[in-house]
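Listing of work18.cif; format and content: mmCIF, C-alpha atoms.
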```
data_my_file
loop_
_atom_site.label_atom_id
_atom_site.label_comp_id
_atom_site.auth_asym_id
_atom_site.auth_seq_id
_atom_site.Cartn_x
_atom_site.Cartn_y
_atom_site.Cartn_z
CA MET T 1 11.67 -7.74 19.17
CA LEU T 2 9.30 -5.88 16.81
CA LYS T 3 10.66 -7.71 13.82
CA LEU T 4 9.21 -10.93 15.17
CA ARG T 5 5.66 -9.53 15.06
CA GLY T 6 3.13 -8.25 12.57
CA LEU T 7 4.13 -7.77 8.97
CA TYR T 8 7.75 -8.69 9.66
CA LEU T 9 6.61 -12.17 10.62
CA TYR T 10 5.38 -12.70 7.04
CA PHE T 11 7.70 -10.35 5.17
CA PRO T 12 11.29 -9.95 6.46
CA VAL T 13 11.85 -7.67 3.43
CA LEU T 14 9.42 -5.05 4.77
CA ASP T 15 12.17 -2.49 5.31
CA LYS T 16 13.13 -2.67 1.61
CA LEU T 17 9.87 -1.09 0.46
CA LYS T 18 9.79 2.37 -1.11
CA ALA T 19 6.78 4.66 -0.72
CA ASP T 20 6.76 5.66 -4.40
CA ARG T 21 6.42 1.99 -5.38
CA VAL T 22 3.55 1.45 -2.97
CA MET T 23 1.79 4.52 -4.38
CA LEU T 24 1.50 2.81 -7.78
CA TRP T 25 -1.36 0.74 -6.30
CA LEU T 26 -3.14 3.62 -4.56
CA ASP T 27 -5.52 6.34 -5.68
CA LYS T 28 -3.65 8.88 -7.83
CA LYS T 29 -4.73 11.62 -5.42
CA THR T 30 -2.77 10.00 -2.60
CA ASP T 31 -0.08 12.29 -1.23
CA LEU T 32 3.53 11.01 -1.25
CA THR T 33 4.24 12.46 2.19
CA LEU T 34 1.20 10.68 3.62
CA SER T 35 2.34 7.42 2.05
CA GLU T 36 5.86 7.87 3.42
CA ASN T 37 4.42 8.50 6.90
CA ARG T 38 2.19 5.44 6.70
CA LEU T 39 5.08 3.30 5.51
CA GLY T 40 7.25 4.64 8.31
CA ASN T 41 4.55 3.73 10.84
CA ARG T 42 4.34 0.21 9.43
CA LEU T 43 8.12 -0.15 9.79
CA LEU T 44 8.03 1.09 13.39
CA TYR T 45 4.81 -0.69 14.35
CA PRO T 46 4.45 -3.68 11.98
CA GLN T 47 1.91 -5.31 14.30
CA THR T 48 -0.62 -2.52 13.59
CA ILE T 49 -3.91 -3.80 12.16
CA PRO T 50 -5.74 -1.54 9.64
CA VAL T 51 -9.09 -0.29 10.92
CA THR T 52 -10.26 2.04 8.10
CA PRO T 53 -10.81 1.37 4.37
CA GLU T 54 -7.91 3.74 3.59
CA GLU T 55 -5.55 1.86 5.87
CA MET T 56 -6.63 -1.49 4.41
CA ALA T 57 -6.07 -0.17 0.88
CA PHE T 58 -2.59 0.90 1.94
CA ASP T 59 -1.81 -2.50 3.47
CA LEU T 60 -3.03 -4.25 0.29
CA ALA T 61 -0.72 -1.97 -1.70
CA LEU T 62 2.09 -3.05 0.63
CA LEU T 63 1.10 -6.66 0.06
CA ARG T 64 1.45 -6.33 -3.73
CA GLU T 65 4.96 -4.97 -3.43
CA LEU T 66 6.03 -7.36 -0.67
CA ILE T 67 5.03 -10.53 -2.49
CA ALA T 68 6.69 -9.20 -5.65
CA LEU T 69 9.94 -9.02 -3.67
CA GLN T 70 9.65 -12.72 -2.73
CA PRO T 71 8.08 -14.38 -5.79
CA ASP T 72 9.41 -17.86 -5.06
CA HIS T 73 7.17 -18.05 -1.98
CA TYR T 74 3.98 -17.38 -3.93
CA LEU T 75 4.46 -18.23 -7.60
CA ASN T 76 5.52 -21.11 -9.83
CA ARG T 77 5.24 -19.97 -13.44
CA ASN T 78 6.37 -23.31 -14.87
CA LEU T 79 3.53 -25.17 -13.14
CA ARG T 80 1.17 -22.17 -13.43
CA ARG T 81 0.52 -22.03 -9.70
CA LEU T 82 -0.26 -19.20 -7.30
CA ILE T 83 0.31 -20.18 -3.68
CA VAL T 84 -1.38 -18.55 -0.68
CA PRO T 85 0.28 -19.31 2.69
CA GLU T 86 -2.52 -20.12 5.12
CA ASN T 87 -1.00 -18.07 7.94
CA LEU T 88 -1.06 -14.96 5.72
CA LEU T 89 -4.85 -15.01 6.02
CA ASP T 90 -4.50 -14.25 9.72
CA ARG T 91 -3.25 -10.82 8.65
CA PHE T 92 -5.25 -10.48 5.42
CA PRO T 93 -8.42 -12.53 6.02
CA ASN T 94 -10.09 -11.75 2.69
CA LEU T 95 -8.91 -14.56 0.41
CA SER T 96 -10.10 -12.86 -2.79
CA GLN T 97 -8.23 -9.65 -1.95
CA VAL T 98 -5.02 -11.59 -1.36
CA CYS T 99 -5.37 -13.42 -4.68
CA TRP T 100 -6.16 -10.25 -6.62
CA ALA T 101 -3.02 -8.73 -5.07
CA MET T 102 -1.04 -11.69 -6.42
CA VAL T 103 -2.57 -11.23 -9.86
CA ASP T 104 -1.53 -7.57 -9.85
CA ALA T 105 1.96 -8.36 -8.61
CA PHE T 106 2.74 -11.27 -10.92
CA GLN T 107 0.48 -10.83 -13.98
CA PRO T 108 0.13 -14.64 -14.44
CA LEU T 109 -0.97 -15.01 -18.06
CA GLY T 110 -3.15 -17.91 -19.16
CA VAL T 111 -4.81 -20.29 -16.70
CA SER T 112 -3.29 -20.61 -13.22
CA THR T 113 -4.40 -22.81 -10.35
CA VAL T 114 -4.46 -21.27 -6.87
CA TYR T 115 -3.34 -23.35 -3.89
CA LEU T 116 -3.61 -22.80 -0.15
CA ARG T 117 -0.44 -23.92 1.63
CA SER T 118 -0.61 -25.00 5.26
CA GLU T 119 2.20 -26.39 7.39
CA ARG T 120 -0.02 -29.28 8.49
CA LEU T 121 -1.75 -30.31 5.25
CA GLY T 122 0.53 -29.04 2.52
CA LEU T 123 -1.03 -27.77 -0.72
CA LYS T 124 -4.78 -27.69 -1.34
CA SER T 125 -6.28 -26.37 -4.59
CA ILE T 126 -8.86 -23.64 -3.96
CA GLY T 127 -9.60 -22.06 -7.35
CA THR T 128 -8.36 -20.73 -10.66
CA VAL T 129 -7.20 -17.43 -12.15
CA ILE T 130 -7.71 -16.74 -15.86
CA LYS T 131 -5.87 -13.85 -17.50
CA PRO T 132 -5.84 -13.74 -21.33
CA GLU T 133 -2.47 -13.29 -22.97
CA LYS T 134 -3.91 -10.70 -25.37
CA VAL T 135 -6.69 -8.19 -24.69
CA ASN T 136 -8.09 -5.62 -27.09
CA SER T 137 -9.11 -2.14 -25.97
CA ASP T 138 -12.81 -3.01 -25.65
CA GLY T 139 -15.36 -5.72 -26.31
CA ILE T 140 -17.41 -8.42 -24.63
CA VAL T 141 -16.38 -11.93 -23.59
CA LYS T 142 -19.08 -14.61 -23.56
CA LEU T 143 -18.38 -17.17 -20.89
CA TRP T 144 -20.04 -20.42 -19.87
CA VAL T 145 -19.26 -22.03 -16.51
CA ALA T 146 -21.09 -25.32 -16.02
CA GLU T 147 -24.75 -24.47 -16.79
CA LYS T 148 -24.46 -20.70 -16.34
CA SER T 149 -23.61 -18.09 -18.97
CA TYR T 150 -21.99 -14.66 -18.45
CA GLN T 151 -21.17 -11.62 -20.54
CA LEU T 152 -18.02 -9.94 -19.28
CA LYS T 153 -16.70 -6.55 -20.34
CA VAL T 154 -13.06 -6.22 -21.39
CA GLY T 155 -11.03 -4.19 -18.90
CA SER T 156 -12.87 -5.53 -15.85
CA LEU T 157 -12.29 -8.02 -13.04
CA PHE T 158 -14.73 -10.81 -12.20
CA ALA T 159 -15.14 -13.40 -9.46
CA ILE T 160 -17.41 -16.38 -10.19
CA PRO T 161 -18.24 -18.99 -7.53
CA VAL T 162 -17.18 -22.49 -8.56
CA ASN T 163 -17.80 -25.10 -5.88
CA ALA T 164 -17.05 -28.17 -8.03
CA HIS T 165 -13.50 -29.48 -7.90
CA ARG T 166 -13.27 -29.42 -11.70
CA VAL T 167 -15.52 -27.71 -14.22
CA ASP T 168 -15.37 -26.88 -17.93
CA VAL T 169 -15.19 -23.22 -18.88
CA ARG T 170 -16.00 -22.12 -22.43
CA PHE T 171 -15.45 -18.65 -23.79
CA GLU T 172 -16.06 -16.86 -27.06
CA SER T 173 -14.72 -13.43 -27.99
CA THR T 174 -12.73 -11.64 -30.65
CA ALA T 175 -11.60 -9.20 -27.95
CA ILE T 176 -9.18 -11.59 -26.22
CA SER T 177 -6.80 -14.44 -26.87
CA LEU T 178 -6.40 -17.22 -24.30
CA MET T 179 -3.98 -20.06 -24.99
CA GLY T 180 -3.66 -18.69 -28.51
CA LYS T 181 -7.37 -18.88 -29.32
CA SER T 182 -10.31 -16.48 -29.28
CA ASN T 183 -12.76 -19.37 -28.76
CA ASN T 184 -11.86 -22.20 -26.47
CA THR T 185 -12.91 -24.62 -23.74
CA THR T 186 -10.69 -25.41 -20.80
CA GLN T 187 -11.08 -27.26 -17.53
CA VAL T 188 -10.50 -25.31 -14.32
CA ILE T 189 -10.37 -26.13 -10.63
CA GLY T 190 -12.90 -24.64 -8.23
CA GLY T 191 -13.04 -24.36 -4.47
CA ASP T 192 -13.19 -21.71 -1.76
CA LEU T 193 -11.79 -19.04 -4.09
CA GLY T 194 -13.74 -20.03 -7.20
CA LEU T 195 -12.84 -18.50 -10.56
CA LEU T 196 -11.12 -15.11 -10.87
CA ILE T 197 -11.04 -13.56 -14.34
CA ASP T 198 -8.82 -10.59 -15.18
CA LEU T 199 -9.79 -8.98 -18.50
CA ARG T 200 -7.42 -6.03 -18.18
CA LYS T 201 -4.54 -5.66 -20.59
CA PRO T 202 -1.34 -7.31 -19.29
CA LEU T 203 0.72 -4.65 -17.54
CA LYS T 204 4.13 -6.16 -18.13
CA LYS T 205 5.91 -9.02 -19.81
CA GLU T 206 6.18 -12.25 -17.86
CA THR T 207 9.52 -13.12 -16.34
CA GLU T 208 10.56 -16.51 -15.12
CA SER T 209 10.76 -17.23 -11.40
#
```
Rewrite the coordinates I just gave you, this time as structure tokens.
Amino acid sequence: MLKLRGLYLYFPVLDKLKADRVMLWLDKKTDLTLSENRLGNRLLYPQTIPVTPEEMAFDLALLRELIALQPDHYLNRNLRRLIVPENLLDRFPNLSQVCWAMVDAFQPLGVSTVYLRSERLGLKSIGTVIKPEKVNSDGIVKLWVAEKSYQLKVGSLFAIPVNAHRVDVRFESTAISLMGKSNNTTQVIGGDLGLLIDLRKPLKKETES
């Protein structure tokens, strides 16, 4: 009956994970044997809830690999949507952490809207992820969101609260290219998540899902 509880409830593919893949998202000092033991414990006791920062980091590493194994449940590249199942937040209650895990797993280039999916209400927009298609090795991105201005360093991650349903975002930088331009204005959707900006270099080429 264990497979009806814990992580198996959300991810029936849990037993397909490999420890070396999970380690890609962990501190480089992490020992492979330790990761294999932790993964084995999650397979035997998938209902276990992490209680230390190290255990939470491991579960978030699992999350990245698990959602990558089932992209159709969380991603629509054609519509530029990331979808967070509401019940997943029972296991991973930090919405921002879940969305950053999706960004790492899928590398959604450009501007993507994030939706919360509930069985009762369907899809509800909760924010936006921006990830430039091209990023130079260093530099500064000047960003304006509504009446506020920001200077963001290339290579970093940023979360900006956006409570309005829709807001214009303007950026200027020779260090990035977004929608084919280094200077542009685009409209984004706000909400509980707000605006997540990933200024790291894309890790891999997009593939269709």
Since I can't run it myself right now, could you work out what the PyMOL selection byres ((chain T and resi 12) around 12) selects here and report it as a ChimeraX atom specification?
/T:2-11,13-17,43,46,66-67,69-70
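Near Phe92 of chain T, within a cut-off of 10 Å and counting all atoms listed in the file, sit the residues Ile49, Pro50, Met56, Asp59, Leu60, Leu63, Asn87, Gln97 and Val98 of chain T, with same-chain residues fewer than 5 positions away left out.
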Just how far from atom CA of Ala159 of chain T is atom CA of Ile197 of chain T, in Å to one decimal?
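Atom-to-atom, atom CA of Ile197 of chain T and atom CA of Ala159 of chain T are spaced 6.4 Å apart.
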Which residues are close to segment 112-127 of chain T, i.e. within 8 Å by only C-alpha atoms, leaving aside same-chain residues fewer than 5 positions away? Reply as number ranges by chain.
T: 80-87, 162, 188-196
Identify all residues satisfying the PyMOL selection byres ((chain T and resi 141) around 10) in the given file; provide them as a list in words.
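Residues picked by the PyMOL selection byres ((chain T and resi 141) around 10): Asp138, Gly139, Ile140, Lys142, Leu143, Trp144, Tyr150, Gln151, Leu152, Lys153, Val154, Phe171, Glu172, Ser173, Thr174, Ala175, Ile176, Ser182, Asn183 and Leu199 of chain T.
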Those residues you just picked out, can you put them in a file as a PDB file, keeping the file's coordinate frame with C-alpha atoms?
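Saved file part_28.pdb follows:
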```pdb
ATOM      1  CA  ASP T 138     -12.810  -3.010 -25.650  1.00  0.00           C
ATOM      2  CA  GLY T 139     -15.360  -5.720 -26.310  1.00  0.00           C
ATOM      3  CA  ILE T 140     -17.410  -8.420 -24.630  1.00  0.00           C
ATOM      4  CA  LYS T 142     -19.080 -14.610 -23.560  1.00  0.00           C
ATOM      5  CA  LEU T 143     -18.380 -17.170 -20.890  1.00  0.00           C
ATOM      6  CA  TRP T 144     -20.040 -20.420 -19.870  1.00  0.00           C
ATOM      7  CA  TYR T 150     -21.990 -14.660 -18.450  1.00  0.00           C
ATOM      8  CA  GLN T 151     -21.170 -11.620 -20.540  1.00  0.00           C
ATOM      9  CA  LEU T 152     -18.020  -9.940 -19.280  1.00  0.00           C
ATOM     10  CA  LYS T 153     -16.700  -6.550 -20.340  1.00  0.00           C
ATOM     11  CA  VAL T 154     -13.060  -6.220 -21.390  1.00  0.00           C
ATOM     12  CA  PHE T 171     -15.450 -18.650 -23.790  1.00  0.00           C
ATOM     13  CA  GLU T 172     -16.060 -16.860 -27.060  1.00  0.00           C
ATOM     14  CA  SER T 173     -14.720 -13.430 -27.990  1.00  0.00           C
ATOM     15  CA  THR T 174     -12.730 -11.640 -30.650  1.00  0.00           C
ATOM     16  CA  ALA T 175     -11.600  -9.200 -27.950  1.00  0.00           C
ATOM     17  CA  ILE T 176      -9.180 -11.590 -26.220  1.00  0.00           C
ATOM     18  CA  SER T 182     -10.310 -16.480 -29.280  1.00  0.00           C
ATOM     19  CA  ASN T 183     -12.760 -19.370 -28.760  1.00  0.00           C
ATOM     20  CA  LEU T 199      -9.790  -8.980 -18.500  1.00  0.00           C
TER      21      LEU T 199
END
```
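Proximity ranking of T:Ala105, T:Leu157, T:Met23, T:Val167 relative to Pro71 of chain T places T:Ala105 first, based on all atoms listed in the file.
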For the file shown, what are the residues hit by the PyMOL selection byres ((chain T and resi 109) around 10), laid out as a PyMOL selection string?
chain T and resi 77+80+103+106-108+110-112+129-134+178-179+198+202+205-206
With C-alpha atoms kept, could you save the residues just selected as a PDB file, keeping the file's coordinate frame?
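What ended up in result-v1.pdb:
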```
ATOM      1  CA  ARG T  77       5.240 -19.970 -13.440  1.00  0.00           C
ATOM      2  CA  ARG T  80       1.170 -22.170 -13.430  1.00  0.00           C
ATOM      3  CA  VAL T 103      -2.570 -11.230  -9.860  1.00  0.00           C
ATOM      4  CA  PHE T 106       2.740 -11.270 -10.920  1.00  0.00           C
ATOM      5  CA  GLN T 107       0.480 -10.830 -13.980  1.00  0.00           C
ATOM      6  CA  PRO T 108       0.130 -14.640 -14.440  1.00  0.00           C
ATOM      7  CA  GLY T 110      -3.150 -17.910 -19.160  1.00  0.00           C
ATOM      8  CA  VAL T 111      -4.810 -20.290 -16.700  1.00  0.00           C
ATOM      9  CA  SER T 112      -3.290 -20.610 -13.220  1.00  0.00           C
ATOM     10  CA  VAL T 129      -7.200 -17.430 -12.150  1.00  0.00           C
ATOM     11  CA  ILE T 130      -7.710 -16.740 -15.860  1.00  0.00           C
ATOM     12  CA  LYS T 131      -5.870 -13.850 -17.500  1.00  0.00           C
ATOM     13  CA  PRO T 132      -5.840 -13.740 -21.330  1.00  0.00           C
ATOM     14  CA  GLU T 133      -2.470 -13.290 -22.970  1.00  0.00           C
ATOM     15  CA  LYS T 134      -3.910 -10.700 -25.370  1.00  0.00           C
ATOM     16  CA  LEU T 178      -6.400 -17.220 -24.300  1.00  0.00           C
ATOM     17  CA  MET T 179      -3.980 -20.060 -24.990  1.00  0.00           C
ATOM     18  CA  ASP T 198      -8.820 -10.590 -15.180  1.00  0.00           C
ATOM     19  CA  PRO T 202      -1.340  -7.310 -19.290  1.00  0.00           C
ATOM     20  CA  LYS T 205       5.910  -9.020 -19.810  1.00  0.00           C
ATOM     21  CA  GLU T 206       6.180 -12.250 -17.860  1.00  0.00           C
TER      22      GLU T 206
END
```
Please, what distance in Å, to one decimal, runs between atom CA of Asp90 of chain T and atom CA of Glu55 of chain T?
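Result for atom CA of Asp90 of chain T versus atom CA of Glu55 of chain T: 16.6 Å, one decimal.
Between atom CA of Gln47 of chain T and atom CA of Cys99 of chain T there is a distance of 21.9 Å.
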